[in-house]
Amino acid sequence: MAEKVKEIKVGPGGGNKRGMPAPKIENPGALLSRIMGYVFKYYPIHMITVLVCILVTVFSSIQGTFFTKSLIDLYIQPMLDSGSNDFTPLLLAIARVAVFYAFGALASYVQARVMVYINQGTLKRLREELFVHMESLPIKYFDTHAHGDIMSVYTNDIDTLRQMISQSVPQLINSTITIVSVLVSMFILSVPLTFVTLFMVAVMLFCSAMATKASGKNFVDQQKNLGALNGYIEEMMTGQKVVKVFNHEAENIAKFDELNEALCNSAFKANAYSGSLGPINAQLGNTSYVICAMVGGAIALSNNIAVGFTVGALASFLTFNRNFSMPINQVSMQFNSIIMALAGADRIFKLLDAEPETDDGYVLLVDCEEKNGEIVEADHHTGHWAWKHYHKATNTTTYQKMEGDVTFNGVDFGYTDDKMVLHDIVLHATPGQKIAFVGSTGAGKTTITNLINRFYDIQDGKIRYDNININKIKKADLRRSLGIVLQDTHLFTGTVADNIRFGKLNATDEEVIAAAKLANAHSFIKRLPDGYDTMLTGDGANLSQGQRQLLAIARAAIADPPVLILDEATSSIDTRTEKIVQDGMDKLMKGRTTFVIAHRLSTVRNSDCIIVLEQGRIVEQGTHDELIAKKQRYYQLYTGMKPETA
């Protein structure tokens, strides 16, 4: 086991080092207002019901406490003085108070049930908004944020809001109303004793403020460290095979210990400070009770000091004293839950406030057909596509047949402005051409295809699709025109047919089977336990990597896209299967503009144009035979021989 380190640097999402000040919550008031805005926006009637129930509960409690004075002074003391055995008036008075308490209990029950409904409904809406907004975020967001940290927002951070909405908020309202009501009642009973109580409350509040300040910053740190730990666990779970192969368990455990230690440290400090509030305030409350009992007893027994302050009034006041310190103690305890919830809310709203993917495009992709020599929009899939232009100036719509012509004119791109990845990329893919990108790892091959999809926007230059600037094309329509098979396949929980149908949700069973046959996946699918109805889980863990990639190819085939992007589409298929699949791929690529990325150069020999990339620049382009004849970089990649030895 690795030794514990003195300083810990938290991974993605953490951002803290042990011993450094925890990040502060920005605008806690605005955060709290925004949270409650969700509650009152969607559940105004329910919240009014909760407020009424709290008022009834507090009122019944106040009435019961006030009755203690009447019980002693008007019933018990007269009966003791007269020696009467008639308990009827006393029982009737107790019955009246019992009714008040019954209403209070009923109101408390209704409040609890309604708050559960409000709480779960609010969190459901928040999760919906989080997921909907997450789907609108650009790829860049997921490339720069740990997936486990994002998951922590949905689980741990949402859970802190659950505690605040269901417990802290009602408790704060109840305590506030109780404090005001009890304070007024104590002033009615005895002004001197009320000031004694208020002095002790001031001491209590001072101690609470100090403890809350100390615990608050650690609660923020705790949520950050929890997100970092979840991110690391998620990363290790997905990479377990790599961990096992390279015997990296000990190093991973050491790193986990660091992150776990950071979380433990911040959580310990947060809960240690918050946990001390209860005992401290309880003892201060007991001290206040004792002082009031001594002073009040002296007042009650000395008519010269204050006439009218009876033993019954003292009994009621002491109950109010206890009731007054209790909600203050509860409020101080709830502040820590609220601070922790605000720390979670800060992360939730940062995700909700993340800039969504912008789309200023107005050109749409539609199914079309020709009638009388003109292109018209069709309401069904025809296998032919057109770009639909709406011209605001003339309020007219025109249609341009989609050809699949893609042009890069002097394109520069970098994931950050200070470090360019692509430099002055110039290329032209004519309709139906097969363009291959080759080059060493990190040369920029996949980046180019990401730019065609507009997963990222370029810094300089122009990318035109059928002579239309892709910035003018709606992103959804642009991507709908592109079928993609990625090197890293991803299958979803569901049947084999559902995963193929992901490319075309309304596809018939016949279309699913046809797409599978085209990708040469039909034969292995039929051998599965339930054929096309076989359930896939865990990203298709019950299939081989090659089988998963065949399904990804079938998914692209069923979409019937005008343009194809194949990013190492056959990288995980054995050589024999590759030849069979290549025939299906050739059928799929027929008549379509296709961009192929491949390290296995034998798969791109029949390309119409091979583009060789090095360090983000095009260094060669031409057919296989042309590039071999040049005996330059492509020749070196293909033969393994250095150009000068040719």
# chains A, B, ... in the order shown; residues from 1 in each chain; ligands from 1
$ residues_around --residues "Lys269 in chain A" --least-positions-apart "6" --cutoff "9 Å" --atoms "only C-alpha atoms" --output "NGL selection string"
:A and (214-215 or 218-219)
$ write_last_selection --atoms "C-alpha atoms" --output "PDB file, in the first residue's frame"
ATOM      1  CA  ALA A 214     -15.453  26.613   9.346  1.00  0.00           C
ATOM      2  CA  SER A 215     -17.543  23.725   8.006  1.00  0.00           C
ATOM      3  CA  ASN A 218     -15.038  22.086   3.700  1.00  0.00           C
ATOM      4  CA  PHE A 219     -18.479  21.027   2.449  1.00  0.00           C
TER       5      PHE A 219
END
$ residues_around --residues "range 373-385 of chain A" --least-positions-apart "6" --cutoff "6 Å" --atoms "only C-alpha atoms" --output "VMD selection string"
chain A and resid 366 to 367 402
$ write_last_selection --atoms "N, CA and C atoms" --output "mmCIF file, in the first residue's frame"
data_model
loop_
_atom_site.group_PDB
_atom_site.id
_atom_site.type_symbol
_atom_site.label_atom_id
_atom_site.label_comp_id
_atom_site.auth_asym_id
_atom_site.auth_seq_id
_atom_site.Cartn_x
_atom_site.Cartn_y
_atom_site.Cartn_z
ATOM 1 N N VAL A 366 -33.401 17.621 -47.087
ATOM 2 C CA VAL A 366 -34.723 17.003 -47.215
ATOM 3 C C VAL A 366 -34.681 15.900 -48.263
ATOM 4 N N ASP A 367 -35.620 14.955 -48.144
ATOM 5 C CA ASP A 367 -35.813 13.967 -49.202
ATOM 6 C C ASP A 367 -36.426 14.671 -50.405
ATOM 7 N N MET A 402 -28.383 17.464 -53.648
ATOM 8 C CA MET A 402 -27.191 17.132 -52.900
ATOM 9 C C MET A 402 -26.315 16.194 -53.718
#
$ residues_around --residues "Ile448 in chain A" --least-positions-apart "6" --cutoff "10 Å" --atoms "only C-alpha atoms" --output "list in words"
Phe408, Val411, Phe413, Val421, Leu422, Ile425, Phe437, Arg454, Tyr456, Phe595 and Gly616 of chain A
$ closest_residue --among "A:Pro44, A:Gly239, A:Pro279, A:Gly361" --to "Lys474 in chain A" --atoms "only C-alpha atoms"
A:Gly361
$ residues_around --residues "Ile513 in chain A" --least-positions-apart "5" --cutoff "12 Å" --atoms "only C-alpha atoms" --output "list in words"
Val496, Ala497, Asp498, Ile500, Arg501, Ala507, Thr508, Leu518, Ala519, Asn520, Ala521, His522, Ser523, Ile525, Lys526, Gly531, Tyr532, Asp533, Leu551, Ala554, Arg555, Ala557 and Ile558 of chain A
$ write_last_selection --atoms "C-alpha atoms" --output "PDB file, in the first residue's frame"
ATOM      1  CA  VAL A 496     -29.138  -6.224 -31.729  1.00  0.00           C
ATOM      2  CA  ALA A 497     -31.935  -4.963 -33.969  1.00  0.00           C
ATOM      3  CA  ASP A 498     -32.387  -1.861 -31.816  1.00  0.00           C
ATOM      4  CA  ILE A 500     -28.769  -1.352 -35.919  1.00  0.00           C
ATOM      5  CA  ARG A 501     -32.021   0.616 -36.023  1.00  0.00           C
ATOM      6  CA  ALA A 507     -36.578   1.083 -40.108  1.00  0.00           C
ATOM      7  CA  THR A 508     -38.507  -2.120 -40.743  1.00  0.00           C
ATOM      8  CA  LEU A 518     -24.574  -5.627 -46.397  1.00  0.00           C
ATOM      9  CA  ALA A 519     -22.111  -5.360 -43.496  1.00  0.00           C
ATOM     10  CA  ASN A 520     -21.738  -9.170 -43.386  1.00  0.00           C
ATOM     11  CA  ALA A 521     -23.119  -9.198 -39.840  1.00  0.00           C
ATOM     12  CA  HIS A 522     -26.176 -11.332 -40.618  1.00  0.00           C
ATOM     13  CA  SER A 523     -24.428 -14.692 -40.279  1.00  0.00           C
ATOM     14  CA  ILE A 525     -26.266 -12.456 -35.619  1.00  0.00           C
ATOM     15  CA  LYS A 526     -28.257 -15.556 -36.585  1.00  0.00           C
ATOM     16  CA  GLY A 531     -30.772 -13.694 -33.117  1.00  0.00           C
ATOM     17  CA  TYR A 532     -31.717 -10.089 -33.778  1.00  0.00           C
ATOM     18  CA  ASP A 533     -33.586 -10.024 -30.439  1.00  0.00           C
ATOM     19  CA  LEU A 551     -22.894  -3.832 -36.063  1.00  0.00           C
ATOM     20  CA  ALA A 554     -24.659  -2.041 -40.298  1.00  0.00           C
ATOM     21  CA  ARG A 555     -25.929   0.932 -38.287  1.00  0.00           C
ATOM     22  CA  ALA A 557     -25.646   1.268 -43.717  1.00  0.00           C
ATOM     23  CA  ILE A 558     -29.264   1.445 -42.591  1.00  0.00           C
TER      24      ILE A 558
END
$ closest_residue --among "A:Phe349, A:Asn542, A:Gln433, A:Gly461" --to "Gly591 in chain A" --atoms "only C-alpha atoms"
A:Gln433
$ select_by_dssp --residues "range 366-611 of chain A" --states "strand (DSSP E or B)" --output "ChimeraX atom specification"
/A:366-371,374-377,385-391,396-401,406-413,416,419,422-429,434-439,460-465,468-469,473,482-485,494-495,535-536,563-567,593-597,609-611
$ residues_around --residues "Tyr101 in chain A" --least-positions-apart "2" --cutoff "10 Å" --atoms "only C-alpha atoms" --output "ChimeraX atom specification"
/A:56-64,95-99,103-107
$ residues_around --residues "Ala267 in chain A" --least-positions-apart "6" --cutoff "10 Å" --atoms "only C-alpha atoms" --output "compact mmCIF listing (two decimals) with N, CA and C atoms, in the first residue's frame"
# COMPACT_ATOMS: atom_id res chain seq x y z
N SER A 215 -17.10 24.94 8.71
CA SER A 215 -17.54 23.73 8.01
C SER A 215 -17.95 24.00 6.57
N ASN A 218 -15.40 23.49 3.83
CA ASN A 218 -15.04 22.09 3.70
C ASN A 218 -16.14 21.27 3.02
N PHE A 219 -17.40 21.70 3.17
CA PHE A 219 -18.48 21.03 2.45
C PHE A 219 -18.34 21.25 0.94
N VAL A 220 -17.93 22.45 0.55
CA VAL A 220 -17.69 22.73 -0.87
C VAL A 220 -16.57 21.83 -1.38
N ASP A 221 -15.50 21.75 -0.61
CA ASP A 221 -14.36 20.92 -0.97
C ASP A 221 -14.77 19.45 -1.06
N GLN A 222 -15.64 19.04 -0.15
CA GLN A 222 -16.09 17.65 -0.13
C GLN A 222 -16.78 17.28 -1.44
N GLN A 223 -17.68 18.14 -1.95
CA GLN A 223 -18.39 17.85 -3.20
C GLN A 223 -17.43 17.80 -4.38
N ASN A 225 -14.19 17.01 -4.26
CA ASN A 225 -13.38 15.80 -4.14
C ASN A 225 -14.18 14.55 -4.46
N LEU A 226 -15.47 14.58 -4.12
CA LEU A 226 -16.34 13.44 -4.42
C LEU A 226 -16.47 13.27 -5.93
N GLU A 261 -8.26 9.88 0.32
CA GLU A 261 -7.76 10.60 1.49
C GLU A 261 -8.19 12.06 1.46
$ closest_residue --among "A:Val485, A:Leu137, A:Val363, A:Ile435" --to "Thr623 in chain A" --atoms "only C-alpha atoms"
A:Ile435
$ residues_around --residues "Phe131 in chain A" --least-positions-apart "5" --cutoff "9 Å" --atoms "only C-alpha atoms" --output "CSV table (one decimal) with C-alpha atoms, in the first residue's frame"
chain,number,residue,atom,x,y,z
A,126,LEU,CA,-33.8,19.1,-12.6
A,136,SER,CA,-27.2,20.1,-26.4
A,154,TYR,CA,-26.7,13.6,-11.4
$ atom_distance --atom1 "CA of His599 in chain A" --atom2 "CA of Ala516 in chain A"
25.0 Å
